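Dumped target.pdb below, it's PDB, C-alpha atoms:
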ATOM      1  CA  MET A   1      49.400  12.011  64.677  1.00  0.00           C
ATOM      2  CA  ILE A   2      50.032  15.679  63.889  1.00  0.00           C
ATOM      3  CA  GLU A   3      47.413  17.324  61.735  1.00  0.00           C
ATOM      4  CA  ASP A   4      48.429  19.768  59.053  1.00  0.00           C
ATOM      5  CA  HIS A   5      46.861  23.180  59.408  1.00  0.00           C
ATOM      6  CA  PRO A   6      46.821  25.768  56.632  1.00  0.00           C
ATOM      7  CA  ALA A   7      49.084  28.731  57.152  1.00  0.00           C
ATOM      8  CA  PRO A   8      47.191  31.763  58.479  1.00  0.00           C
ATOM      9  CA  CYS A   9      46.356  34.427  55.922  1.00  0.00           C
ATOM     10  CA  HIS A  10      47.743  37.810  56.922  1.00  0.00           C
ATOM     11  CA  ILE A  11      46.174  39.770  54.054  1.00  0.00           C
ATOM     12  CA  PRO A  12      43.009  40.737  56.036  1.00  0.00           C
ATOM     13  CA  LEU A  13      45.203  41.922  58.929  1.00  0.00           C
ATOM     14  CA  ILE A  14      47.335  44.007  56.552  1.00  0.00           C
ATOM     15  CA  LEU A  15      44.174  45.643  55.163  1.00  0.00           C
ATOM     16  CA  TYR A  16      42.267  46.149  58.420  1.00  0.00           C
ATOM     17  CA  ALA A  17      45.113  47.128  60.765  1.00  0.00           C
ATOM     18  CA  PRO A  18      45.665  50.729  59.533  1.00  0.00           C
ATOM     19  CA  ASN A  19      42.061  51.630  60.359  1.00  0.00           C
ATOM     20  CA  PHE A  20      42.456  50.590  63.993  1.00  0.00           C
ATOM     21  CA  ILE A  21      45.905  51.946  64.777  1.00  0.00           C
ATOM     22  CA  SER A  22      47.010  55.527  65.268  1.00  0.00           C
ATOM     23  CA  VAL A  23      47.875  57.728  62.300  1.00  0.00           C
ATOM     24  CA  VAL A  24      51.203  58.362  64.030  1.00  0.00           C
ATOM     25  CA  VAL A  25      51.991  54.640  63.851  1.00  0.00           C
ATOM     26  CA  VAL A  26      50.917  54.436  60.189  1.00  0.00           C
ATOM     27  CA  VAL A  27      53.154  57.362  59.236  1.00  0.00           C
ATOM     28  CA  GLY A  28      55.989  55.847  61.265  1.00  0.00           C
ATOM     29  CA  MET A  29      55.578  52.636  59.283  1.00  0.00           C
ATOM     30  CA  LEU A  30      55.699  54.641  56.046  1.00  0.00           C
ATOM     31  CA  PHE A  31      58.938  56.321  57.092  1.00  0.00           C
ATOM     32  CA  ILE A  32      60.469  52.930  57.948  1.00  0.00           C
ATOM     33  CA  LEU A  33      59.281  51.209  54.752  1.00  0.00           C
ATOM     34  CA  LEU A  34      60.293  54.118  52.497  1.00  0.00           C
ATOM     35  CA  SER A  35      63.527  55.113  54.220  1.00  0.00           C
ATOM     36  CA  PRO A  36      66.774  54.988  52.168  1.00  0.00           C
ATOM     37  CA  THR A  37      67.662  51.727  53.943  1.00  0.00           C
ATOM     38  CA  GLY A  38      64.100  50.373  54.148  1.00  0.00           C
ATOM     39  CA  PRO A  39      62.824  47.195  52.467  1.00  0.00           C
ATOM     40  CA  ILE A  40      61.309  49.004  49.470  1.00  0.00           C
ATOM     41  CA  ASN A  41      64.499  50.919  48.743  1.00  0.00           C
ATOM     42  CA  GLN A  42      66.515  47.720  49.117  1.00  0.00           C
ATOM     43  CA  LEU A  43      64.514  46.311  46.186  1.00  0.00           C
ATOM     44  CA  VAL A  44      64.875  49.566  44.268  1.00  0.00           C
ATOM     45  CA  THR A  45      68.641  49.524  44.827  1.00  0.00           C
ATOM     46  CA  ILE A  46      68.896  46.024  43.377  1.00  0.00           C
ATOM     47  CA  PHE A  47      67.400  47.214  40.081  1.00  0.00           C
ATOM     48  CA  THR A  48      68.589  50.832  39.867  1.00  0.00           C
ATOM     49  CA  GLY A  49      71.754  50.849  41.988  1.00  0.00           C
ATOM     50  CA  GLU A  50      70.661  53.753  44.182  1.00  0.00           C
ATOM     51  CA  PRO A  51      67.786  54.397  46.614  1.00  0.00           C
ATOM     52  CA  ILE A  52      64.941  56.858  46.044  1.00  0.00           C
ATOM     53  CA  MET A  53      64.308  59.576  48.637  1.00  0.00           C
ATOM     54  CA  PHE A  54      60.558  58.984  48.831  1.00  0.00           C
ATOM     55  CA  MET A  55      59.828  61.056  51.935  1.00  0.00           C
ATOM     56  CA  SER A  56      61.996  64.033  51.035  1.00  0.00           C
ATOM     57  CA  ASP A  57      61.351  64.361  47.292  1.00  0.00           C
ATOM     58  CA  PRO A  58      58.231  66.566  46.764  1.00  0.00           C
ATOM     59  CA  LYS A  59      57.134  64.721  43.615  1.00  0.00           C
ATOM     60  CA  TYR A  60      56.459  61.495  45.562  1.00  0.00           C
ATOM     61  CA  PHE A  61      54.380  63.025  48.364  1.00  0.00           C
ATOM     62  CA  ARG A  62      50.992  63.011  46.607  1.00  0.00           C
ATOM     63  CA  THR A  63      51.404  59.425  45.399  1.00  0.00           C
ATOM     64  CA  ILE A  64      52.447  58.206  48.857  1.00  0.00           C
ATOM     65  CA  TYR A  65      49.631  60.130  50.539  1.00  0.00           C
ATOM     66  CA  ILE A  66      46.930  58.793  48.176  1.00  0.00           C
ATOM     67  CA  LEU A  67      48.140  55.172  48.171  1.00  0.00           C
ATOM     68  CA  SER A  68      48.542  55.111  51.956  1.00  0.00           C
ATOM     69  CA  GLY A  69      45.041  56.606  52.263  1.00  0.00           C
ATOM     70  CA  ILE A  70      43.645  53.803  50.105  1.00  0.00           C
ATOM     71  CA  TRP A  71      45.509  51.324  52.307  1.00  0.00           C
ATOM     72  CA  GLN A  72      44.044  52.922  55.453  1.00  0.00           C
ATOM     73  CA  GLY A  73      40.461  52.868  54.178  1.00  0.00           C
ATOM     74  CA  ALA A  74      40.351  49.616  52.207  1.00  0.00           C
ATOM     75  CA  GLY A  75      39.737  47.333  55.184  1.00  0.00           C
ATOM     76  CA  TRP A  76      36.946  49.391  56.745  1.00  0.00           C
ATOM     77  CA  SER A  77      35.254  49.989  53.382  1.00  0.00           C
ATOM     78  CA  SER A  78      35.370  46.281  52.582  1.00  0.00           C
ATOM     79  CA  ILE A  79      33.681  45.502  55.911  1.00  0.00           C
ATOM     80  CA  ILE A  80      30.860  47.956  55.125  1.00  0.00           C
ATOM     81  CA  TYR A  81      30.319  46.651  51.588  1.00  0.00           C
ATOM     82  CA  VAL A  82      30.485  42.988  52.639  1.00  0.00           C
ATOM     83  CA  ALA A  83      27.905  43.716  55.358  1.00  0.00           C
ATOM     84  CA  ALA A  84      25.647  45.286  52.711  1.00  0.00           C
ATOM     85  CA  LEU A  85      26.086  42.274  50.404  1.00  0.00           C
ATOM     86  CA  ALA A  86      25.089  39.993  53.271  1.00  0.00           C
ATOM     87  CA  ASN A  87      21.545  41.363  52.886  1.00  0.00           C
ATOM     88  CA  VAL A  88      21.283  40.029  49.325  1.00  0.00           C
ATOM     89  CA  SER A  89      18.843  37.129  49.224  1.00  0.00           C
ATOM     90  CA  PRO A  90      20.555  33.876  48.153  1.00  0.00           C
ATOM     91  CA  GLU A  91      17.385  33.068  46.252  1.00  0.00           C
ATOM     92  CA  LEU A  92      18.141  35.867  43.793  1.00  0.00           C
ATOM     93  CA  HIS A  93      21.524  34.345  42.946  1.00  0.00           C
ATOM     94  CA  GLU A  94      20.011  30.875  42.707  1.00  0.00           C
ATOM     95  CA  ALA A  95      17.302  32.107  40.333  1.00  0.00           C
ATOM     96  CA  ALA A  96      19.920  33.948  38.247  1.00  0.00           C
ATOM     97  CA  LEU A  97      22.028  30.783  38.032  1.00  0.00           C
ATOM     98  CA  ILE A  98      19.012  28.788  36.876  1.00  0.00           C
ATOM     99  CA  ASP A  99      18.396  31.441  34.197  1.00  0.00           C
ATOM    100  CA  GLY A 100      21.996  31.037  33.030  1.00  0.00           C
ATOM    101  CA  ALA A 101      23.450  34.313  34.362  1.00  0.00           C
ATOM    102  CA  ASN A 102      27.233  34.368  34.704  1.00  0.00           C
ATOM    103  CA  ILE A 103      29.168  35.976  37.569  1.00  0.00           C
ATOM    104  CA  PHE A 104      29.427  39.384  35.879  1.00  0.00           C
ATOM    105  CA  GLN A 105      25.712  39.505  35.111  1.00  0.00           C
ATOM    106  CA  ARG A 106      24.898  38.617  38.726  1.00  0.00           C
ATOM    107  CA  ILE A 107      27.226  41.358  39.969  1.00  0.00           C
ATOM    108  CA  ARG A 108      25.658  43.895  37.599  1.00  0.00           C
ATOM    109  CA  HIS A 109      21.991  43.063  38.187  1.00  0.00           C
ATOM    110  CA  ILE A 110      21.974  41.827  41.812  1.00  0.00           C
ATOM    111  CA  ASP A 111      25.009  43.013  43.799  1.00  0.00           C
ATOM    112  CA  LEU A 112      25.473  46.517  42.357  1.00  0.00           C
ATOM    113  CA  PRO A 113      21.801  47.560  42.843  1.00  0.00           C
ATOM    114  CA  THR A 114      22.129  46.420  46.465  1.00  0.00           C
ATOM    115  CA  LEU A 115      25.306  48.461  46.954  1.00  0.00           C
ATOM    116  CA  LYS A 116      24.027  51.501  45.057  1.00  0.00           C
ATOM    117  CA  PRO A 117      22.476  53.387  48.048  1.00  0.00           C
ATOM    118  CA  LEU A 118      25.614  52.823  50.131  1.00  0.00           C
ATOM    119  CA  MET A 119      27.840  53.913  47.259  1.00  0.00           C
ATOM    120  CA  VAL A 120      25.781  57.082  46.773  1.00  0.00           C
ATOM    121  CA  ILE A 121      25.961  58.050  50.450  1.00  0.00           C
ATOM    122  CA  SER A 122      29.702  57.333  50.605  1.00  0.00           C
ATOM    123  CA  PHE A 123      30.282  59.425  47.474  1.00  0.00           C
ATOM    124  CA  ILE A 124      28.299  62.399  48.797  1.00  0.00           C
ATOM    125  CA  LEU A 125      30.085  62.361  52.163  1.00  0.00           C
ATOM    126  CA  ALA A 126      33.470  62.006  50.478  1.00  0.00           C
ATOM    127  CA  ALA A 127      32.706  64.917  48.135  1.00  0.00           C
ATOM    128  CA  GLY A 128      31.740  67.086  51.108  1.00  0.00           C
ATOM    129  CA  GLY A 129      35.125  66.437  52.692  1.00  0.00           C
ATOM    130  CA  ILE A 130      37.302  67.113  49.648  1.00  0.00           C
ATOM    131  CA  MET A 131      38.626  70.310  51.192  1.00  0.00           C
ATOM    132  CA  SER A 132      39.158  68.692  54.599  1.00  0.00           C
ATOM    133  CA  ILE A 133      42.183  66.510  53.964  1.00  0.00           C
ATOM    134  CA  GLY A 134      43.409  64.992  57.206  1.00  0.00           C
ATOM    135  CA  PHE A 135      45.669  67.373  59.116  1.00  0.00           C
ATOM    136  CA  GLU A 136      47.444  64.788  61.240  1.00  0.00           C
ATOM    137  CA  LYS A 137      48.738  62.609  58.454  1.00  0.00           C
ATOM    138  CA  ALA A 138      49.830  65.478  56.200  1.00  0.00           C
ATOM    139  CA  TYR A 139      51.563  67.251  59.091  1.00  0.00           C
ATOM    140  CA  LEU A 140      53.339  64.093  60.242  1.00  0.00           C
ATOM    141  CA  MET A 141      54.517  63.298  56.704  1.00  0.00           C
ATOM    142  CA  GLN A 142      55.829  66.826  56.177  1.00  0.00           C
ATOM    143  CA  THR A 143      59.553  67.412  55.995  1.00  0.00           C
ATOM    144  CA  SER A 144      61.451  70.587  55.224  1.00  0.00           C
ATOM    145  CA  MET A 145      62.152  69.263  51.732  1.00  0.00           C
ATOM    146  CA  ASN A 146      58.648  68.179  50.634  1.00  0.00           C
ATOM    147  CA  ILE A 147      56.855  71.368  51.757  1.00  0.00           C
ATOM    148  CA  PRO A 148      56.048  72.464  48.165  1.00  0.00           C
ATOM    149  CA  THR A 149      53.585  69.571  47.790  1.00  0.00           C
ATOM    150  CA  SER A 150      52.813  68.590  51.406  1.00  0.00           C
ATOM    151  CA  GLU A 151      51.479  71.975  52.541  1.00  0.00           C
ATOM    152  CA  ILE A 152      47.670  71.803  52.674  1.00  0.00           C
ATOM    153  CA  ILE A 153      45.036  74.207  54.007  1.00  0.00           C
ATOM    154  CA  ALA A 154      44.852  72.492  57.406  1.00  0.00           C
ATOM    155  CA  THR A 155      48.611  72.614  58.024  1.00  0.00           C
ATOM    156  CA  TYR A 156      48.796  76.190  56.704  1.00  0.00           C
ATOM    157  CA  VAL A 157      46.010  77.289  59.091  1.00  0.00           C
ATOM    158  CA  TYR A 158      47.808  75.584  61.980  1.00  0.00           C
ATOM    159  CA  LYS A 159      51.087  77.337  61.206  1.00  0.00           C
ATOM    160  CA  GLN A 160      49.487  80.739  60.676  1.00  0.00           C
ATOM    161  CA  GLY A 161      47.178  80.515  63.687  1.00  0.00           C
ATOM    162  CA  LEU A 162      49.078  78.695  66.406  1.00  0.00           C
ATOM    163  CA  GLN A 163      52.698  79.142  65.380  1.00  0.00           C
ATOM    164  CA  ALA A 164      52.599  82.627  63.848  1.00  0.00           C
ATOM    165  CA  GLY A 165      49.770  83.885  66.094  1.00  0.00           C
ATOM    166  CA  ASP A 166      47.714  85.335  63.223  1.00  0.00           C
ATOM    167  CA  TYR A 167      44.365  84.126  64.555  1.00  0.00           C
ATOM    168  CA  GLY A 168      42.132  86.354  62.418  1.00  0.00           C
ATOM    169  CA  TYR A 169      43.748  85.287  59.142  1.00  0.00           C
ATOM    170  CA  SER A 170      43.720  81.588  60.042  1.00  0.00           C
ATOM    171  CA  THR A 171      40.073  81.802  61.172  1.00  0.00           C
ATOM    172  CA  ALA A 172      39.104  83.394  57.855  1.00  0.00           C
ATOM    173  CA  ILE A 173      40.837  80.587  55.944  1.00  0.00           C
ATOM    174  CA  GLY A 174      39.102  77.955  58.072  1.00  0.00           C
ATOM    175  CA  LEU A 175      35.708  79.617  57.519  1.00  0.00           C
ATOM    176  CA  PHE A 176      36.306  79.774  53.760  1.00  0.00           C
ATOM    177  CA  ASN A 177      37.263  76.090  53.780  1.00  0.00           C
ATOM    178  CA  THR A 178      34.051  75.174  55.639  1.00  0.00           C
ATOM    179  CA  ILE A 179      31.869  77.184  53.252  1.00  0.00           C
ATOM    180  CA  ILE A 180      33.421  75.478  50.223  1.00  0.00           C
ATOM    181  CA  ASN A 181      32.826  72.068  51.856  1.00  0.00           C
ATOM    182  CA  VAL A 182      29.143  72.860  52.470  1.00  0.00           C
ATOM    183  CA  ILE A 183      28.683  74.113  48.899  1.00  0.00           C
ATOM    184  CA  LEU A 184      30.326  70.961  47.506  1.00  0.00           C
ATOM    185  CA  LEU A 185      28.170  68.745  49.731  1.00  0.00           C
ATOM    186  CA  LEU A 186      24.902  70.427  48.700  1.00  0.00           C
ATOM    187  CA  THR A 187      25.855  70.527  45.014  1.00  0.00           C
ATOM    188  CA  VAL A 188      26.856  66.863  44.837  1.00  0.00           C
ATOM    189  CA  ASN A 189      23.760  65.838  46.805  1.00  0.00           C
ATOM    190  CA  LYS A 190      21.525  67.762  44.352  1.00  0.00           C
ATOM    191  CA  VAL A 191      23.249  66.235  41.315  1.00  0.00           C
ATOM    192  CA  VAL A 192      23.008  62.720  42.767  1.00  0.00           C
ATOM    193  CA  LYS A 193      19.297  63.197  43.525  1.00  0.00           C
ATOM    194  CA  HIS A 194      18.760  64.297  39.932  1.00  0.00           C
ATOM    195  CA  ILE A 195      20.432  61.203  38.437  1.00  0.00           C
ATOM    196  CA  ASN A 196      19.474  58.721  41.167  1.00  0.00           C
ATOM    197  CA  GLU A 197      15.674  58.898  41.069  1.00  0.00           C
ATOM    198  CA  GLY A 198      15.448  61.445  43.880  1.00  0.00           C
ATOM    199  CA  GLU A 199      17.559  59.460  46.348  1.00  0.00           C
ATOM    200  CA  GLY A 200      20.301  61.305  48.233  1.00  0.00           C
ATOM    201  CA  LEU A 201      21.145  62.320  51.757  1.00  0.00           C
TER
END
Take the structure in this file and express it as structure tokens.
Amino acid sequence: MIEDHPAPCHIPLILYAPNFISVVVVVGMLFILLSPTGPINQLVTIFTGEPIMFMSDPKYFRTIYILSGIWQGAGWSSIIYVAALANVSPELHEAALIDGANIFQRIRHIDLPTLKPLMVISFILAAGGIMSIGFEKAYLMQTSMNIPTSEIIATYVYKQGLQAGDYGYSTAIGLFNTIINVILLLTVNKVVKHINEGEGL
């Protein structure tokens, strides 16, 4: 007798995979998915009659970059937050259920306070890296037509320093970028300590 097995769920793999594969592969996947003959443009063509040049039109670069960044980080972030939630005592949820708390009240009063320190640290570290957008991904996604929106400090420093040979100018830009990052990190950490009962980095 053949037993029926549920079909495997590929959603976790879709979320976790980008964190463990090379940025080059991720960008290659984006170019394939968003190409004029790719699967997304095939759907677009059905409704509009013509494809959209996602990777060459400057106005789409920021949206693609941000959404693909969320896709890259969602799996790893979910692992971290689920690991933090694993430390929540089941007795707290059981007591809340006995007291008549619904799911939203349990999230607000039990889960969120548990995640709060992790959320604060993640926010501070993210704020300190605002000026340090990933060079590899931006450079790989750059085309001659989306330069107006795809040029960032890291790619500009690379072009000025290594391609144009202006090492002094590129070093000054890199130093300025680092100083701004440090100032942002210290400022956000001070603000968070002020509103978070003295807890920060």
Please identify every residue of region 64-113 of chain A that has at least one atom no farther than 12 Å from an atom of region 30-52 of chain A, counting all atoms listed in the file, and for each give the shortest atom pair and the distance in Å to one decimal, arranged by chain then increasing number, as CSV.
residue,atom,partner,partner_atom,distance
A:Ile64,CA,A:Leu30,CA,8.7
A:Tyr65,CA,A:Leu30,CA,9.9
A:Leu67,CA,A:Leu30,CA,10.9
A:Ser68,CA,A:Leu30,CA,8.3
A:Gly69,CA,A:Leu30,CA,11.5
A:Trp71,CA,A:Leu30,CA,11.3
A:Gln72,CA,A:Leu30,CA,11.8
Expected file contents, prior selection, C-alpha atoms, as a PDB file, in the coordinates of the input:
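Result saved to result_17.pdb:
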ATOM      1  CA  ILE A  64      52.447  58.206  48.857  1.00  0.00           C
ATOM      2  CA  TYR A  65      49.631  60.130  50.539  1.00  0.00           C
ATOM      3  CA  LEU A  67      48.140  55.172  48.171  1.00  0.00           C
ATOM      4  CA  SER A  68      48.542  55.111  51.956  1.00  0.00           C
ATOM      5  CA  GLY A  69      45.041  56.606  52.263  1.00  0.00           C
ATOM      6  CA  TRP A  71      45.509  51.324  52.307  1.00  0.00           C
ATOM      7  CA  GLN A  72      44.044  52.922  55.453  1.00  0.00           C
TER       8      GLN A  72
END
Kindly compute an axis-aligned box around the listed atoms of region 66-78 of chain A, allowing 4 Å on each side, and express its centre and edge lengths in Å to one decimal as lines of an AutoDock Vina configuration file.
center_x = 41.9
center_y = 52.5
center_z = 52.5
size_x = 21.3
size_y = 20.5
size_z = 16.6
Name the residues captured by the PyMOL selection byres ((chain A and resi 92) around 12) when it is applied to the shown file; answer as a PyMOL selection string.
chain A and resi 87-91+93-99+101+106-107+109-111+114
Shell of 7 Å around region 19-28 of chain A, only C-alpha atoms, local chain residues under 4 positions omitted, as a list in words:
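Using only C-alpha atoms, the neighbours found are Ile32, Gln72, Gly73, Trp76, Lys137, Leu140 and Met141 of chain A.
Note that CA of Ala126 (chain A) and CA of Arg62 (chain A) are 18.0 Å apart.
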